file structure06.cif (mmCIF, C-alpha atoms)
data_run
loop_
_atom_site.group_PDB
_atom_site.id
_atom_site.type_symbol
_atom_site.label_atom_id
_atom_site.label_comp_id
_atom_site.auth_asym_id
_atom_site.auth_seq_id
_atom_site.Cartn_x
_atom_site.Cartn_y
_atom_site.Cartn_z
ATOM 1 C CA MET A 1007 0.000 0.000 0.000
ATOM 2 C CA LYS A 1008 2.849 2.379 0.845
ATOM 3 C CA ARG A 1009 4.522 1.586 -2.476
ATOM 4 C CA TYR A 1010 1.319 2.520 -4.336
ATOM 5 C CA GLY A 1011 1.180 5.843 -2.474
ATOM 6 C CA CYS A 1012 4.791 6.613 -3.373
ATOM 7 C CA TRP A 1013 4.214 5.955 -7.067
ATOM 8 C CA MET A 1014 1.073 8.068 -7.005
ATOM 9 C CA LEU A 1015 3.063 10.935 -5.495
ATOM 10 C CA VAL A 1016 5.723 10.550 -8.204
ATOM 11 C CA GLY A 1017 2.990 10.574 -10.848
ATOM 12 C CA ILE A 1018 1.428 13.724 -9.443
ATOM 13 C CA TRP A 1019 4.804 15.490 -9.409
ATOM 14 C CA CYS A 1020 5.353 14.511 -13.049
ATOM 15 C CA ILE A 1021 1.968 15.898 -14.034
ATOM 16 C CA ILE A 1022 2.651 19.125 -12.146
ATOM 17 C CA GLY A 1023 6.001 19.427 -13.915
ATOM 18 C CA ILE A 1024 4.385 19.013 -17.322
ATOM 19 C CA VAL A 1025 1.714 21.619 -16.519
ATOM 20 C CA VAL A 1026 4.289 24.111 -15.231
ATOM 21 C CA GLN A 1027 6.445 23.575 -18.312
ATOM 22 C CA GLY A 1028 3.406 24.123 -20.553
ATOM 23 C CA CYS A 1029 2.520 27.330 -18.707
ATOM 24 C CA ARG A 1030 6.069 28.624 -19.078
ATOM 25 C CA ALA A 1031 5.966 27.970 -22.831
ATOM 26 C CA GLN A 1032 2.581 29.665 -23.024
ATOM 27 C CA ASP A 1033 3.797 32.705 -21.042
ATOM 28 C CA ALA A 1034 6.957 32.924 -23.156
ATOM 29 C CA GLY A 1035 4.797 32.677 -26.265
ATOM 30 C CA GLU A 1036 2.492 35.443 -25.072
ATOM 31 C CA GLU A 1037 5.461 37.711 -24.313
ATOM 32 C CA ALA A 1038 7.003 36.982 -27.721
ATOM 33 C CA TYR A 1039 3.653 37.678 -29.400
ATOM 34 C CA LYS A 1040 3.303 41.031 -27.643
ATOM 35 C CA GLN A 1041 6.882 41.923 -28.647
ATOM 36 C CA GLY A 1042 6.194 41.042 -32.294
ATOM 37 C CA ASP A 1043 8.506 38.003 -32.263
ATOM 38 C CA TYR A 1044 5.992 35.817 -34.081
ATOM 39 C CA ALA A 1045 8.400 32.994 -34.928
ATOM 40 C CA THR A 1046 9.114 32.415 -31.238
ATOM 41 C CA ALA A 1047 5.448 32.872 -30.340
ATOM 42 C CA LEU A 1048 4.414 30.292 -32.946
ATOM 43 C CA ALA A 1049 6.938 27.770 -31.633
ATOM 44 C CA LYS A 1050 5.940 28.297 -27.992
ATOM 45 C CA PHE A 1051 2.188 28.200 -28.607
ATOM 46 C CA SER A 1052 2.514 25.134 -30.827
ATOM 47 C CA ALA A 1053 4.410 23.349 -28.036
ATOM 48 C CA SER A 1054 1.778 24.189 -25.418
ATOM 49 C CA ASP A 1055 -1.544 22.369 -25.558
ATOM 50 C CA THR A 1056 -3.671 24.846 -23.596
ATOM 51 C CA PRO A 1057 -6.800 26.805 -24.515
ATOM 52 C CA LYS A 1058 -4.887 30.083 -24.187
ATOM 53 C CA SER A 1059 -2.179 28.892 -26.590
ATOM 54 C CA ALA A 1060 -4.833 27.743 -29.078
ATOM 55 C CA TYR A 1061 -6.448 31.187 -28.791
ATOM 56 C CA TYR A 1062 -3.196 32.925 -29.642
ATOM 57 C CA LEU A 1063 -2.580 30.542 -32.530
ATOM 58 C CA GLY A 1064 -6.067 31.424 -33.744
ATOM 59 C CA LEU A 1065 -5.224 35.129 -33.612
ATOM 60 C CA MET A 1066 -1.998 34.549 -35.502
ATOM 61 C CA TYR A 1067 -3.736 32.624 -38.277
ATOM 62 C CA TYR A 1068 -6.668 35.037 -38.431
ATOM 63 C CA LYS A 1069 -4.459 38.119 -38.692
ATOM 64 C CA GLY A 1070 -1.669 36.479 -40.669
ATOM 65 C CA THR A 1071 0.956 37.486 -38.095
ATOM 66 C CA GLY A 1072 3.973 35.223 -38.397
ATOM 67 C CA VAL A 1073 2.029 32.731 -40.512
ATOM 68 C CA PRO A 1074 0.089 32.952 -43.763
ATOM 69 C CA ARG A 1075 -3.469 34.143 -43.082
ATOM 70 C CA ASN A 1076 -5.709 31.094 -42.814
ATOM 71 C CA VAL A 1077 -9.239 31.673 -41.528
ATOM 72 C CA ALA A 1078 -10.025 27.940 -41.516
ATOM 73 C CA GLU A 1079 -7.073 27.238 -39.218
ATOM 74 C CA ALA A 1080 -7.947 30.282 -37.099
ATOM 75 C CA ALA A 1081 -11.489 28.961 -36.664
ATOM 76 C CA ARG A 1082 -10.157 25.521 -35.751
ATOM 77 C CA GLN A 1083 -7.834 26.985 -33.101
ATOM 78 C CA PHE A 1084 -10.532 29.314 -31.735
ATOM 79 C CA ARG A 1085 -12.922 26.346 -31.502
ATOM 80 C CA LYS A 1086 -10.322 24.307 -29.625
ATOM 81 C CA ALA A 1087 -9.752 27.150 -27.156
ATOM 82 C CA ALA A 1088 -13.466 27.958 -26.900
ATOM 83 C CA ASP A 1089 -14.317 24.336 -26.154
ATOM 84 C CA GLY A 1090 -11.663 24.551 -23.428
ATOM 85 C CA GLY A 1091 -13.611 27.401 -21.819
ATOM 86 C CA TYR A 1092 -11.371 30.293 -22.908
ATOM 87 C CA ALA A 1093 -13.728 33.311 -23.003
ATOM 88 C CA ASP A 1094 -11.717 35.411 -25.467
ATOM 89 C CA ALA A 1095 -11.764 32.524 -27.946
ATOM 90 C CA GLN A 1096 -15.505 32.097 -27.417
ATOM 91 C CA PHE A 1097 -15.886 35.767 -28.317
ATOM 92 C CA GLU A 1098 -13.743 35.395 -31.444
ATOM 93 C CA LEU A 1099 -15.666 32.322 -32.557
ATOM 94 C CA GLY A 1100 -18.929 34.182 -31.982
ATOM 95 C CA SER A 1101 -17.609 37.023 -34.129
ATOM 96 C CA LEU A 1102 -16.735 34.609 -36.946
ATOM 97 C CA TYR A 1103 -20.303 33.266 -36.870
ATOM 98 C CA ALA A 1104 -21.795 36.770 -36.647
ATOM 99 C CA LYS A 1105 -19.911 37.902 -39.764
ATOM 100 C CA GLY A 1106 -19.941 34.608 -41.614
ATOM 101 C CA ASP A 1107 -16.203 35.033 -41.924
ATOM 102 C CA GLY A 1108 -14.235 32.632 -44.061
ATOM 103 C CA VAL A 1109 -15.211 29.012 -43.643
ATOM 104 C CA ILE A 1110 -17.767 29.786 -40.965
ATOM 105 C CA PRO A 1111 -21.243 30.306 -42.420
ATOM 106 C CA GLN A 1112 -23.097 33.259 -40.979
ATOM 107 C CA ASP A 1113 -25.249 31.999 -38.118
ATOM 108 C CA LYS A 1114 -26.591 34.600 -35.708
ATOM 109 C CA GLN A 1115 -27.874 31.989 -33.245
ATOM 110 C CA ALA A 1116 -24.446 30.330 -33.056
ATOM 111 C CA ALA A 1117 -22.893 33.789 -32.666
ATOM 112 C CA LEU A 1118 -25.247 34.568 -29.787
ATOM 113 C CA ASN A 1119 -24.534 31.217 -28.122
ATOM 114 C CA TRP A 1120 -20.755 31.768 -28.251
ATOM 115 C CA TYR A 1121 -21.125 35.388 -27.128
ATOM 116 C CA MET A 1122 -23.222 34.191 -24.167
ATOM 117 C CA LYS A 1123 -20.506 31.739 -23.127
ATOM 118 C CA ALA A 1124 -17.859 34.445 -23.453
ATOM 119 C CA ALA A 1125 -20.037 36.917 -21.542
ATOM 120 C CA ASP A 1126 -20.461 34.378 -18.737
ATOM 121 C CA GLY A 1127 -16.647 34.184 -18.694
ATOM 122 C CA GLY A 1128 -16.443 37.955 -18.218
ATOM 123 C CA ASN A 1129 -15.653 39.065 -21.787
ATOM 124 C CA SER A 1130 -16.948 42.648 -21.993
ATOM 125 C CA MET A 1131 -16.899 42.787 -25.806
ATOM 126 C CA ALA A 1132 -19.185 39.748 -25.911
ATOM 127 C CA GLN A 1133 -21.515 41.482 -23.437
ATOM 128 C CA PHE A 1134 -21.481 44.600 -25.593
ATOM 129 C CA ASN A 1135 -22.144 42.642 -28.792
ATOM 130 C CA ILE A 1136 -25.074 40.828 -27.165
ATOM 131 C CA GLY A 1137 -26.435 44.234 -26.241
ATOM 132 C CA LEU A 1138 -26.111 45.414 -29.832
ATOM 133 C CA MET A 1139 -27.814 42.277 -31.130
ATOM 134 C CA TYR A 1140 -30.819 42.970 -28.876
ATOM 135 C CA LEU A 1141 -30.780 46.692 -29.585
ATOM 136 C CA TYR A 1142 -31.020 46.189 -33.356
ATOM 137 C CA GLY A 1143 -32.888 42.872 -33.374
ATOM 138 C CA ASP A 1144 -29.926 41.263 -35.128
ATOM 139 C CA GLY A 1145 -30.761 37.542 -35.019
ATOM 140 C CA VAL A 1146 -32.862 37.990 -31.878
ATOM 141 C CA ARG A 1147 -36.128 39.658 -30.947
ATOM 142 C CA GLN A 1148 -35.437 43.377 -30.571
ATOM 143 C CA ASP A 1149 -35.574 44.362 -26.891
ATOM 144 C CA ARG A 1150 -34.218 47.706 -25.730
ATOM 145 C CA GLU A 1151 -34.270 46.803 -22.010
ATOM 146 C CA VAL A 1152 -32.344 43.573 -22.516
ATOM 147 C CA ALA A 1153 -29.938 45.486 -24.752
ATOM 148 C CA LEU A 1154 -29.387 48.143 -22.088
ATOM 149 C CA SER A 1155 -28.719 45.546 -19.392
ATOM 150 C CA TRP A 1156 -25.996 43.906 -21.507
ATOM 151 C CA VAL A 1157 -24.426 47.228 -22.479
ATOM 152 C CA ARG A 1158 -24.438 48.239 -18.801
ATOM 153 C CA LYS A 1159 -22.612 45.008 -17.876
ATOM 154 C CA ALA A 1160 -19.937 45.736 -20.458
ATOM 155 C CA ALA A 1161 -19.652 49.384 -19.406
ATOM 156 C CA GLY A 1162 -19.369 48.273 -15.774
ATOM 157 C CA GLN A 1163 -16.228 46.378 -16.731
ATOM 158 C CA GLY A 1164 -14.675 49.494 -18.202
ATOM 159 C CA ASN A 1165 -15.438 48.806 -21.884
ATOM 160 C CA GLU A 1166 -15.118 52.254 -23.496
ATOM 161 C CA ARG A 1167 -17.314 51.423 -26.501
ATOM 162 C CA ALA A 1168 -20.048 50.276 -24.135
ATOM 163 C CA LYS A 1169 -19.664 53.389 -21.963
ATOM 164 C CA ASN A 1170 -20.065 55.640 -25.005
ATOM 165 C CA ALA A 1171 -23.020 53.649 -26.330
ATOM 166 C CA LEU A 1172 -24.673 53.710 -22.912
ATOM 167 C CA LYS A 1173 -24.424 57.503 -22.724
ATOM 168 C CA ALA A 1174 -26.061 57.788 -26.138
ATOM 169 C CA LEU A 1175 -28.768 55.220 -25.335
ATOM 170 C CA GLU A 1176 -29.639 56.748 -21.983
ATOM 171 C CA ALA A 1177 -29.851 60.219 -23.545
ATOM 172 C CA LYS A 1178 -32.716 59.041 -25.800
#
call {"tool": "encode", "arguments": {"input": "structure06.cif", "output": "structure tokens"}}
result
Amino acid sequence: MKRYGCWMLVGIWCIIGIVVQGCRAQDAGEEAYKQGDYATALAKFSASDTPKSAYYLGLMYYKGTGVPRNVAEAARQFRKAADGGYADAQFELGSLYAKGDGVIPQDKQAALNWYMKAADGGNSMAQFNIGLMYLYGDGVRQDREVALSWVRKAAGQGNERAKNALKALEAK
């Protein structure tokens, strides 16, 4: 029994080591990305199998930074990160559906669903976009009060676009 416990402890330490190493690669990749060192960022993100790394890979492929622009690959990476619960990727995937960008067919209901997940994760742009969808009846039943509540949530998080929109909406 003691031998089993020892091996379990060794296994846990190995898993922790792998996770820490993955986080370091991810952090190094994020720093390289912010510095414009896209070759290093690509290598680090590709070596790290986390939702955040998949999100950054999605951005790189969507924008064509350090790699040829490839919306299909961007969507695949955003989906991987979004399925992993990464709110910023859920927002990006929602935006692809809202626009019908690239390989993603336009689907307002799918956009709303992904925006809702991102909004639940605290993404203020998703909250703002949900508000706009309700304000204009874009894929949903138009509802000014629901729109205002979503725009207020986004503004409450410091989203400048939402703050400006809220001022204009409340002035009417």
call {"tool": "resolve_selection", "arguments": {"input": "structure06.cif", "expression": "the PyMOL selection byres ((chain A and resi 1043-1054) around 7)", "output": "VMD selection string"}}
result
chain A and resid 1028 1031 to 1032 1034 to 1036 1038 to 1039 1041 to 1042 1055 to 1056 1059 1063 1071 to 1072
call {"tool": "residues_around", "arguments": {"input": "structure06.cif", "residues": "stretch 1094-1104 of chain A", "least_positions_apart": "4", "cutoff": "8 Å", "atoms": "only C-alpha atoms", "output": "list in words"}}
result
Tyr1061, Ala1081, Phe1084, Arg1085, Ala1087, Ala1088, Asp1089, Gly1108, Ile1110, Pro1111, Gln1112, Asp1113, Lys1114, Ala1116, Ala1117, Leu1118, Asn1119, Trp1120, Tyr1121, Lys1123, Ala1124, Asn1129, Met1131 and Ala1132 of chain A
call {"tool": "closest_residue", "arguments": {"input": "structure06.cif", "among": "A:Ala1060, A:Glu1176, A:Gln1133, A:Met1139", "to": "A:Val1157", "atoms": "all atoms listed in the file"}}
result
A:Gln1133
call {"tool": "atom_distance", "arguments": {"input": "structure06.cif", "atom1": "atom CA of A:Gly1164", "atom2": "atom CA of A:Phe1134"}}
result
11.2 Å
call {"tool": "resolve_selection", "arguments": {"input": "structure06.cif", "expression": "the PyMOL selection byres ((chain A and resi 1163) around 10)", "output": "list in words"}}
result
Gly1128, Asn1129, Ser1130, Met1131, Gln1133, Arg1158, Lys1159, Ala1160, Ala1161, Gly1162, Gly1164, Asn1165, Glu1166, Ala1168 and Lys1169 of chain A
call {"tool": "write_last_selection", "arguments": {"input": "structure06.cif", "atoms": "C-alpha atoms", "output": "mmCIF file, in the frame of the given file"}}
result
data_model
loop_
_atom_site.group_PDB
_atom_site.id
_atom_site.type_symbol
_atom_site.label_atom_id
_atom_site.label_comp_id
_atom_site.auth_asym_id
_atom_site.auth_seq_id
_atom_site.Cartn_x
_atom_site.Cartn_y
_atom_site.Cartn_z
ATOM 1 C CA GLY A 1128 -16.443 37.955 -18.218
ATOM 2 C CA ASN A 1129 -15.653 39.065 -21.787
ATOM 3 C CA SER A 1130 -16.948 42.648 -21.993
ATOM 4 C CA MET A 1131 -16.899 42.787 -25.806
ATOM 5 C CA GLN A 1133 -21.515 41.482 -23.437
ATOM 6 C CA ARG A 1158 -24.438 48.239 -18.801
ATOM 7 C CA LYS A 1159 -22.612 45.008 -17.876
ATOM 8 C CA ALA A 1160 -19.937 45.736 -20.458
ATOM 9 C CA ALA A 1161 -19.652 49.384 -19.406
ATOM 10 C CA GLY A 1162 -19.369 48.273 -15.774
ATOM 11 C CA GLY A 1164 -14.675 49.494 -18.202
ATOM 12 C CA ASN A 1165 -15.438 48.806 -21.884
ATOM 13 C CA GLU A 1166 -15.118 52.254 -23.496
ATOM 14 C CA ALA A 1168 -20.048 50.276 -24.135
ATOM 15 C CA LYS A 1169 -19.664 53.389 -21.963
#
call {"tool": "atom_distance", "arguments": {"input": "structure06.cif", "atom1": "atom CA of A:Pro1074", "atom2": "atom CA of A:Pro1057"}}
result
21.3 Å
call {"tool": "atom_distance", "arguments": {"input": "structure06.cif", "atom1": "atom CA of A:Asp1033", "atom2": "atom CA of A:Ala1125"}}
result
24.2 Å
call {"tool": "closest_residue", "arguments": {"input": "structure06.cif", "among": "A:Arg1147, A:Leu1154, A:Gly1106, A:Tyr1092", "to": "A:Asp1126", "atoms": "all atoms listed in the file"}}
result
A:Tyr1092
call {"tool": "build_atoms", "arguments": {"input": "structure06.cif", "residues": "stretch 1059-1070 of chain A", "atoms": "N, CA and C atoms", "output": "mmCIF file, keeping the file's coordinate frame"}}
result
data_model
loop_
_atom_site.group_PDB
_atom_site.id
_atom_site.type_symbol
_atom_site.label_atom_id
_atom_site.label_comp_id
_atom_site.auth_asym_id
_atom_site.auth_seq_id
_atom_site.Cartn_x
_atom_site.Cartn_y
_atom_site.Cartn_z
ATOM 1 N N SER A 1059 -3.104 29.014 -25.462
ATOM 2 C CA SER A 1059 -2.179 28.892 -26.590
ATOM 3 C C SER A 1059 -2.946 28.726 -27.895
ATOM 4 N N ALA A 1060 -4.008 27.923 -27.873
ATOM 5 C CA ALA A 1060 -4.833 27.743 -29.078
ATOM 6 C C ALA A 1060 -5.464 29.073 -29.483
ATOM 7 N N TYR A 1061 -5.884 29.869 -28.511
ATOM 8 C CA TYR A 1061 -6.448 31.187 -28.791
ATOM 9 C C TYR A 1061 -5.436 32.066 -29.531
ATOM 10 N N TYR A 1062 -4.219 32.103 -28.996
ATOM 11 C CA TYR A 1062 -3.196 32.925 -29.642
ATOM 12 C C TYR A 1062 -2.838 32.394 -31.033
ATOM 13 N N LEU A 1063 -2.805 31.099 -31.191
ATOM 14 C CA LEU A 1063 -2.580 30.542 -32.530
ATOM 15 C C LEU A 1063 -3.708 30.973 -33.467
ATOM 16 N N GLY A 1064 -4.929 30.956 -32.949
ATOM 17 C CA GLY A 1064 -6.067 31.424 -33.744
ATOM 18 C C GLY A 1064 -5.897 32.867 -34.179
ATOM 19 N N LEU A 1065 -5.467 33.724 -33.253
ATOM 20 C CA LEU A 1065 -5.224 35.129 -33.612
ATOM 21 C C LEU A 1065 -4.164 35.250 -34.692
ATOM 22 N N MET A 1066 -3.086 34.476 -34.530
ATOM 23 C CA MET A 1066 -1.998 34.549 -35.502
ATOM 24 C C MET A 1066 -2.482 34.153 -36.888
ATOM 25 N N TYR A 1067 -3.231 33.070 -36.971
ATOM 26 C CA TYR A 1067 -3.736 32.624 -38.277
ATOM 27 C C TYR A 1067 -4.802 33.575 -38.819
ATOM 28 N N TYR A 1068 -5.626 34.126 -37.965
ATOM 29 C CA TYR A 1068 -6.668 35.037 -38.431
ATOM 30 C C TYR A 1068 -6.063 36.328 -38.987
ATOM 31 N N LYS A 1069 -5.079 36.861 -38.278
ATOM 32 C CA LYS A 1069 -4.459 38.119 -38.692
ATOM 33 C C LYS A 1069 -3.328 37.929 -39.696
ATOM 34 N N GLY A 1070 -2.816 36.712 -39.797
ATOM 35 C CA GLY A 1070 -1.669 36.479 -40.669
ATOM 36 C C GLY A 1070 -0.387 37.041 -40.073
#
